[in-house]
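Below is final-v1.tsv, holding TSV, C-alpha atoms.
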chain	number	residue	atom	x	y	z
A	1	MET	CA	267.78	-18.31	45.49
A	2	LYS	CA	264.64	-16.17	45.08
A	3	TYR	CA	263.27	-18.75	42.65
A	4	LYS	CA	263.68	-21.55	45.22
A	5	VAL	CA	262.00	-19.45	47.93
A	6	ARG	CA	259.07	-18.71	45.61
A	7	ILE	CA	258.67	-22.39	44.69
A	8	GLY	CA	258.91	-23.34	48.36
A	9	LEU	CA	256.16	-20.86	49.26
A	10	ASP	CA	253.97	-22.18	46.45
A	11	VAL	CA	254.34	-25.76	47.66
A	12	THR	CA	253.78	-24.76	51.29
A	13	PHE	CA	250.57	-22.86	50.57
A	14	LYS	CA	249.39	-25.62	48.25
A	15	TYR	CA	249.49	-28.08	51.15
A	16	ILE	CA	247.97	-25.55	53.57
A	17	PHE	CA	245.00	-24.96	51.27
A	18	LYS	CA	244.66	-28.69	50.65
A	19	ALA	CA	244.66	-29.32	54.39
A	20	THR	CA	241.94	-26.70	54.98
A	21	GLY	CA	239.80	-28.27	52.26
A	22	LEU	CA	240.20	-31.72	53.78
A	23	LEU	CA	239.47	-30.30	57.23
A	24	VAL	CA	236.12	-28.99	56.01
A	25	LEU	CA	235.27	-32.42	54.60
A	26	CYS	CA	236.31	-34.06	57.88
A	27	LEU	CA	234.11	-31.68	59.87
A	28	LEU	CA	231.15	-32.38	57.60
A	29	GLY	CA	231.78	-36.14	57.84
A	30	GLY	CA	232.09	-35.89	61.62
A	31	ILE	CA	228.74	-34.08	61.91
A	32	LEU	CA	227.06	-36.66	59.71
A	33	ALA	CA	228.62	-39.54	61.65
A	34	MET	CA	227.44	-38.06	64.97
A	35	LEU	CA	223.89	-37.63	63.63
A	36	ILE	CA	223.71	-41.15	62.22
A	37	TYR	CA	225.23	-42.70	65.36
A	38	ASN	CA	222.60	-41.14	67.61
A	39	SER	CA	219.82	-41.83	65.10
A	40	ILE	CA	220.61	-45.56	65.22
A	41	SER	CA	219.82	-45.56	68.94
A	42	PHE	CA	216.43	-44.03	68.12
A	43	PHE	CA	215.61	-46.55	65.42
A	44	MET	CA	216.29	-49.38	67.86
A	45	ASP	CA	213.07	-48.27	69.65
A	46	VAL	CA	211.03	-46.81	66.77
A	47	LYS	CA	210.59	-48.35	63.33
A	48	PRO	CA	211.95	-46.11	60.53
A	49	LEU	CA	208.71	-46.46	58.52
A	50	ASP	CA	206.62	-45.39	61.53
A	51	PHE	CA	208.94	-42.42	62.03
A	52	ILE	CA	208.76	-41.24	58.42
A	53	THR	CA	205.06	-41.88	57.77
A	54	GLY	CA	203.67	-41.24	61.25
A	55	MET	CA	200.93	-38.58	61.38
A	56	GLU	CA	201.60	-37.32	64.90
A	57	TRP	CA	204.62	-35.89	66.74
A	58	ASN	CA	203.96	-35.97	70.48
A	59	PRO	CA	206.95	-37.45	72.36
A	60	THR	CA	205.70	-36.35	75.80
A	61	ALA	CA	202.30	-38.08	75.63
A	62	LYS	CA	201.41	-41.10	77.75
A	63	ASN	CA	201.86	-43.15	74.59
A	64	PRO	CA	204.62	-41.19	72.80
A	65	ALA	CA	204.22	-40.65	69.07
A	66	TYR	CA	207.25	-40.04	66.87
A	67	GLY	CA	205.74	-39.39	63.45
A	68	MET	CA	207.69	-36.75	61.57
A	69	LEU	CA	205.35	-36.35	58.57
A	70	PRO	CA	203.66	-33.20	59.98
A	71	LEU	CA	207.09	-31.65	60.55
A	72	ILE	CA	208.32	-32.49	57.04
A	73	LEU	CA	205.16	-31.09	55.45
A	74	SER	CA	205.33	-27.98	57.63
A	75	THR	CA	208.96	-27.35	56.65
A	76	THR	CA	208.14	-27.96	52.98
A	77	ILE	CA	205.11	-25.65	52.84
A	78	VAL	CA	206.92	-22.79	54.59
A	79	THR	CA	210.00	-23.15	52.38
A	80	PHE	CA	207.90	-23.46	49.22
A	81	GLY	CA	205.91	-20.35	50.12
A	82	ALA	CA	209.09	-18.42	50.85
A	83	MET	CA	210.60	-19.35	47.49
A	84	LEU	CA	207.37	-18.41	45.65
A	85	ILE	CA	207.90	-14.91	47.00
A	86	ALA	CA	211.69	-14.65	47.05
A	87	ILE	CA	212.63	-16.11	43.64
A	88	PRO	CA	210.71	-13.72	41.33
A	89	LEU	CA	211.33	-10.75	43.62
A	90	GLY	CA	215.02	-11.58	44.04
A	91	ILE	CA	215.76	-12.23	40.37
A	92	GLY	CA	213.74	-9.18	39.32
A	93	THR	CA	215.62	-6.97	41.77
A	94	ALA	CA	218.96	-8.40	40.64
A	95	ALA	CA	218.07	-7.74	36.99
A	96	PHE	CA	217.02	-4.17	37.81
A	97	ILE	CA	220.21	-3.42	39.73
A	98	SER	CA	222.42	-4.90	37.01
A	99	GLU	CA	220.68	-3.62	33.88
A	100	TYR	CA	218.41	-0.67	34.67
A	101	ALA	CA	219.58	1.12	37.82
A	102	GLY	CA	221.90	4.08	37.47
A	103	THR	CA	225.26	4.14	39.20
A	104	ARG	CA	224.05	6.30	42.09
A	105	LEU	CA	220.96	4.17	42.73
A	106	LYS	CA	223.00	0.97	42.42
A	107	ASN	CA	225.47	2.23	45.01
A	108	ILE	CA	222.57	2.77	47.42
A	109	LEU	CA	220.60	-0.42	46.71
A	110	LYS	CA	223.43	-2.96	46.92
A	111	PRO	CA	224.69	-1.99	50.41
A	112	ALA	CA	221.10	-1.66	51.66
A	113	ILE	CA	220.24	-5.18	50.46
A	114	GLU	CA	223.43	-6.60	51.95
A	115	MET	CA	222.65	-4.86	55.25
A	116	LEU	CA	219.31	-6.68	55.31
A	117	ALA	CA	221.26	-9.93	55.71
A	118	ALA	CA	222.80	-8.53	58.91
A	119	VAL	CA	219.43	-8.10	60.64
A	120	PRO	CA	219.19	-10.81	63.37
A	121	SER	CA	216.58	-13.47	62.73
A	122	VAL	CA	215.03	-12.83	66.16
A	123	VAL	CA	214.33	-9.23	65.11
A	124	ILE	CA	212.62	-10.38	61.91
A	125	GLY	CA	210.62	-12.90	63.92
A	126	PHE	CA	209.57	-10.17	66.36
A	127	LEU	CA	208.43	-7.95	63.48
A	128	GLY	CA	206.46	-10.90	62.14
A	129	ILE	CA	204.65	-11.24	65.47
A	130	VAL	CA	203.84	-7.58	66.11
A	131	VAL	CA	203.43	-6.24	62.55
A	132	LEU	CA	202.75	-8.98	60.00
A	133	SER	CA	200.76	-11.40	62.14
A	134	PRO	CA	197.90	-8.97	63.02
A	135	GLY	CA	197.58	-7.98	59.35
A	136	ILE	CA	197.28	-11.61	58.23
A	137	ALA	CA	194.76	-12.32	60.99
A	138	ASP	CA	192.59	-9.33	59.94
A	139	MET	CA	192.83	-10.22	56.26
A	140	ALA	CA	191.87	-13.88	56.69
A	141	GLY	CA	189.51	-13.50	59.66
A	142	LEU	CA	191.70	-15.64	61.93
A	143	PRO	CA	192.19	-15.40	65.70
A	144	ASN	CA	195.92	-14.90	65.09
A	145	GLY	CA	198.34	-14.70	62.19
A	146	LEU	CA	200.94	-17.14	63.47
A	147	ASN	CA	200.82	-19.52	60.53
A	148	ALA	CA	202.71	-20.86	57.52
A	149	LEU	CA	202.07	-17.71	55.47
A	150	ASN	CA	203.61	-15.51	58.14
A	151	GLY	CA	206.69	-17.74	58.29
A	152	ALA	CA	206.96	-17.91	54.49
A	153	ILE	CA	206.93	-14.12	54.11
A	154	LEU	CA	209.57	-13.68	56.79
A	155	LEU	CA	211.78	-16.42	55.33
A	156	ALA	CA	211.45	-14.80	51.90
A	157	VAL	CA	212.74	-11.54	53.39
A	158	MET	CA	215.68	-13.40	54.93
A	159	ALA	CA	216.51	-15.27	51.70
A	160	LEU	CA	216.30	-12.18	49.48
A	161	PRO	CA	219.79	-10.75	50.22
A	162	THR	CA	221.44	-14.05	49.28
A	163	ILE	CA	219.41	-14.50	46.09
A	164	ILE	CA	219.74	-10.87	44.97
A	165	THR	CA	223.48	-10.57	45.61
A	166	ILE	CA	224.50	-13.81	43.88
A	167	ALA	CA	222.01	-13.44	41.00
A	168	GLU	CA	223.15	-9.87	40.39
A	169	ASP	CA	226.78	-10.99	40.24
A	170	ALA	CA	225.81	-13.72	37.77
A	171	ILE	CA	223.88	-11.30	35.54
A	172	HIS	CA	226.65	-8.71	35.71
A	173	ALA	CA	229.20	-11.37	34.68
A	174	VAL	CA	227.47	-12.08	31.34
A	175	PRO	CA	229.87	-10.89	28.60
A	176	LYS	CA	228.98	-7.54	27.04
A	177	THR	CA	229.37	-9.10	23.60
A	178	TYR	CA	226.14	-11.06	24.24
A	179	LYS	CA	224.24	-7.84	24.83
A	180	GLU	CA	225.85	-6.03	21.91
A	181	ALA	CA	225.00	-8.91	19.57
A	182	SER	CA	221.39	-8.84	20.73
A	183	TYR	CA	221.10	-5.08	20.33
A	184	GLY	CA	222.78	-5.41	16.92
A	185	VAL	CA	219.90	-7.53	15.56
A	186	GLY	CA	217.31	-5.05	16.81
A	187	ALA	CA	216.30	-6.54	20.17
A	188	THR	CA	215.03	-4.23	22.89
A	189	LYS	CA	216.58	-4.06	26.34
A	190	TRP	CA	213.74	-6.15	27.81
A	191	GLN	CA	214.06	-8.79	25.05
A	192	THR	CA	217.81	-8.93	25.57
A	193	LEU	CA	217.40	-9.36	29.32
A	194	ARG	CA	214.72	-12.05	28.99
A	195	LYS	CA	216.11	-14.08	26.08
A	196	VAL	CA	219.86	-13.56	26.30
A	197	ILE	CA	221.15	-12.30	29.65
A	198	ILE	CA	219.05	-14.35	32.08
A	199	PRO	CA	219.51	-17.64	30.15
A	200	ALA	CA	223.27	-16.98	29.99
A	201	ALA	CA	223.36	-16.26	33.73
A	202	ALA	CA	221.16	-19.27	34.57
A	203	PRO	CA	223.86	-21.35	36.36
A	204	GLY	CA	224.61	-18.48	38.74
A	205	ILE	CA	220.92	-17.73	39.24
A	206	ILE	CA	220.20	-21.38	40.10
A	207	SER	CA	223.08	-21.26	42.61
A	208	ALA	CA	221.48	-18.20	44.18
A	209	VAL	CA	218.10	-19.92	44.38
A	210	MET	CA	219.53	-23.08	45.94
A	211	LEU	CA	221.41	-21.06	48.55
A	212	GLY	CA	218.15	-19.27	49.27
A	213	VAL	CA	216.39	-22.63	49.68
A	214	GLY	CA	219.09	-23.77	52.08
A	215	ARG	CA	218.72	-20.53	54.03
A	216	ALA	CA	214.97	-21.05	54.31
A	217	ILE	CA	215.14	-24.75	55.27
A	218	GLY	CA	217.75	-24.18	57.96
A	219	GLU	CA	216.26	-21.07	59.59
A	220	THR	CA	215.18	-21.64	63.18
A	221	MET	CA	214.37	-18.60	65.29
A	222	THR	CA	212.10	-16.82	62.81
A	223	VAL	CA	209.86	-19.83	62.14
A	224	LEU	CA	209.88	-20.72	65.83
A	225	MET	CA	208.44	-17.30	66.66
A	226	ALA	CA	206.11	-16.74	63.71
A	227	THR	CA	204.44	-20.01	62.66
A	228	GLY	CA	202.42	-21.04	65.71
A	229	ASN	CA	204.30	-24.31	66.39
A	230	ALA	CA	201.40	-26.71	65.91
A	231	ALA	CA	202.65	-30.20	65.00
A	232	LEU	CA	199.68	-30.97	62.75
A	233	ILE	CA	199.31	-31.85	59.07
A	234	PRO	CA	198.96	-28.46	57.33
A	235	THR	CA	196.10	-28.04	54.83
A	236	GLY	CA	197.07	-24.56	53.65
A	237	PHE	CA	199.15	-21.47	54.31
A	238	PHE	CA	196.75	-20.17	56.97
A	239	ASP	CA	197.36	-23.18	59.24
A	240	SER	CA	199.77	-23.01	62.16
A	241	VAL	CA	202.76	-25.26	61.54
A	242	LYS	CA	205.84	-26.57	63.32
A	243	THR	CA	209.00	-26.95	61.28
A	244	MET	CA	211.77	-29.44	61.91
A	245	THR	CA	214.28	-26.77	62.97
A	246	ALA	CA	211.79	-25.21	65.40
A	247	THR	CA	211.03	-28.64	66.88
A	248	ILE	CA	214.69	-29.34	67.55
A	249	ALA	CA	215.25	-25.86	69.03
A	250	ILE	CA	212.21	-26.02	71.31
A	251	GLU	CA	212.64	-29.57	72.60
A	252	MET	CA	216.39	-30.17	72.73
A	253	GLY	CA	216.93	-27.90	75.75
A	254	GLU	CA	214.37	-29.72	77.91
A	255	VAL	CA	214.49	-33.33	76.76
A	256	PRO	CA	215.98	-35.89	79.19
A	257	TYR	CA	219.43	-37.05	78.13
A	258	GLN	CA	219.77	-40.35	76.21
A	259	THR	CA	216.05	-41.05	76.00
A	260	THR	CA	214.08	-42.08	72.91
A	261	HIS	CA	212.88	-38.50	72.62
A	262	TYR	CA	216.47	-37.23	72.79
A	263	TYR	CA	217.64	-39.57	70.06
A	264	GLY	CA	214.50	-38.78	68.03
A	265	LEU	CA	215.64	-35.17	67.72
A	266	TYR	CA	218.93	-36.43	66.28
A	267	ALA	CA	216.93	-38.47	63.78
A	268	LEU	CA	215.05	-35.30	62.82
A	269	ALA	CA	218.36	-33.48	62.37
A	270	THR	CA	219.63	-36.31	60.16
A	271	VAL	CA	216.59	-36.09	57.88
A	272	LEU	CA	217.02	-32.30	57.73
A	273	PHE	CA	220.70	-32.78	56.83
A	274	PHE	CA	219.80	-35.05	53.93
A	275	MET	CA	217.01	-32.74	52.74
A	276	THR	CA	219.51	-29.90	52.47
A	277	LEU	CA	222.09	-32.18	50.86
A	278	ILE	CA	219.61	-33.39	48.23
A	279	ALA	CA	218.60	-29.80	47.43
A	280	ASN	CA	222.25	-28.87	46.90
A	281	ILE	CA	222.94	-31.96	44.77
A	282	LEU	CA	219.93	-31.21	42.56
A	283	GLY	CA	221.05	-27.61	42.20
A	284	GLU	CA	224.56	-28.69	41.24
A	285	TYR	CA	223.15	-31.17	38.72
A	286	PHE	CA	221.09	-28.54	36.91
A	287	ILE	CA	223.95	-26.02	37.06
A	288	ASN	CA	226.31	-28.49	35.40
A	289	ARG	CA	223.72	-29.31	32.71
A	290	LEU	CA	223.29	-25.64	31.90
A	291	ARG	CA	227.06	-25.10	31.82
A	292	LYS	CA	227.47	-27.96	29.35
A	293	TYR	CA	224.61	-26.52	27.27
A	294	HIS	CA	226.26	-23.09	27.12
A	295	ALA	CA	229.67	-24.63	26.41
A	296	ALA	CA	228.19	-26.54	23.46

Kindly present the structure from the file in structure tokens form.
Amino acid sequence: MKYKVRIGLDVTFKYIFKATGLLVLCLLGGILAMLIYNSISFFMDVKPLDFITGMEWNPTAKNPAYGMLPLILSTTIVTFGAMLIAIPLGIGTAAFISEYAGTRLKNILKPAIEMLAAVPSVVIGFLGIVVLSPGIADMAGLPNGLNALNGAILLAVMALPTIITIAEDAIHAVPKTYKEASYGVGATKWQTLRKVIIPAAAPGIISAVMLGVGRAIGETMTVLMATGNAALIPTGFFDSVKTMTATIAIEMGEVPYQTTHYYGLYALATVLFFMTLIANILGEYFINRLRKYHAA
């Protein structure tokens, strides 16, 4: 009797978990379908090539312009700058916590880093305006520091908890036999970390980086507050920029319903969706290649 009950519970929970997995896929498919459906209405009025390659985004002008190239470049430069800061700092911190920090220090650092993820993005954006922005302006001789560099630094801070936590777990999960074998042939701790541990943990580290990229691309409030919101082609990190997420957040609340401008924001969201999807697919591709390499 107990055996039948146990088997029944196993089957029941199997179908429950399967249903939850399918529900997630259905939700994702529903979001994508909604975005594409509304984007089609936009492309009935604006040519897709003009939308993608257009050099100006000004939907409220007398002759509206729906070129998203400045927004794509702004999003790319801010995300790229954030990852330039967050990847080395995050992986280095993860390696320190896993391999060098003592137990007491580790027990302090890990909760502190995880608490950083709980800080609201509006608070980080506010700190960027009142603390970081004046420093950048003084350093570069600019009238204000609301630019791509300001946004990149703040996004790096927001991505760090994700990168550090997941990368540290990946480094910690490397079998001790790898380290012992390296020490056994005379390698130092630094050589073991650089040539054995980090390569072995590479799939997990890449996962951490890709999640950090997704965090940076999808952030809204911080970049809305800290980057200046100028829909122009950026020429460097000291230029004010306007990201795709900030554009949607600023304009969606005031745009007239079912207008070309309204549907244009859905088109922007669709492009953003596919940018994030491509980043995740590329990350998964490289992770699988590294896993096959280690398995061989």

Counting only C-alpha atoms, give me one row per residue of stretch 214-242 of chain A with an atom at most 7 Å from an atom of stretch 131-146 of chain A, showing the shortest contact pair and its distance in Å to one decimal, sorted by chain then residue number, as a Markdown table.
| residue | atom | partner | partner_atom | distance |
| --- | --- | --- | --- | --- |
| A:Ala226 | CA | A:Leu146 | CA | 5.2 |
| A:Thr227 | CA | A:Leu146 | CA | 4.6 |
| A:Gly228 | CA | A:Leu146 | CA | 4.7 |
| A:Ser240 | CA | A:Leu146 | CA | 6.1 |

Please identify every residue of stretch 160-190 of chain A that has at least one atom no farther than 9 Å from an atom of stretch 211-225 of chain A, counting only C-alpha atoms, and for each give the shortest atom pair and the distance in Å to one decimal, arranged by chain then increasing number, as JSON lines.
{"residue": "A:Leu160", "atom": "CA", "partner": "A:Gly212", "partner_atom": "CA", "distance": 7.3}
{"residue": "A:Pro161", "atom": "CA", "partner": "A:Gly212", "partner_atom": "CA", "distance": 8.7}
{"residue": "A:Thr162", "atom": "CA", "partner": "A:Gly212", "partner_atom": "CA", "distance": 6.2}
{"residue": "A:Ile163", "atom": "CA", "partner": "A:Gly212", "partner_atom": "CA", "distance": 5.9}

Enclose the full set of atoms of stretch 99-112 of chain A listed in the file within a box whose edges lie along x, y and z, apply 3 Å of padding to each of the six sides, and report centre and edge lengths in Å to one decimal as lines of an AutoDock Vina configuration file.
center_x = 221.9
center_y = 1.3
center_z = 42.8
size_x = 13.1
size_y = 15.9
size_z = 23.8

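With all atoms listed in the file as the atoms that count, the minimum distance from A:Ile97 to the choices A:Leu35, A:Ala159, A:Ile171, A:Ala148 is reached by A:Ile171.
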
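For the choices A:Ile124, A:Ala269, A:Met115, A:Ala231, the atom-to-atom distance to A:Ala65 is smallest for A:Ala231 when using only C-alpha atoms.
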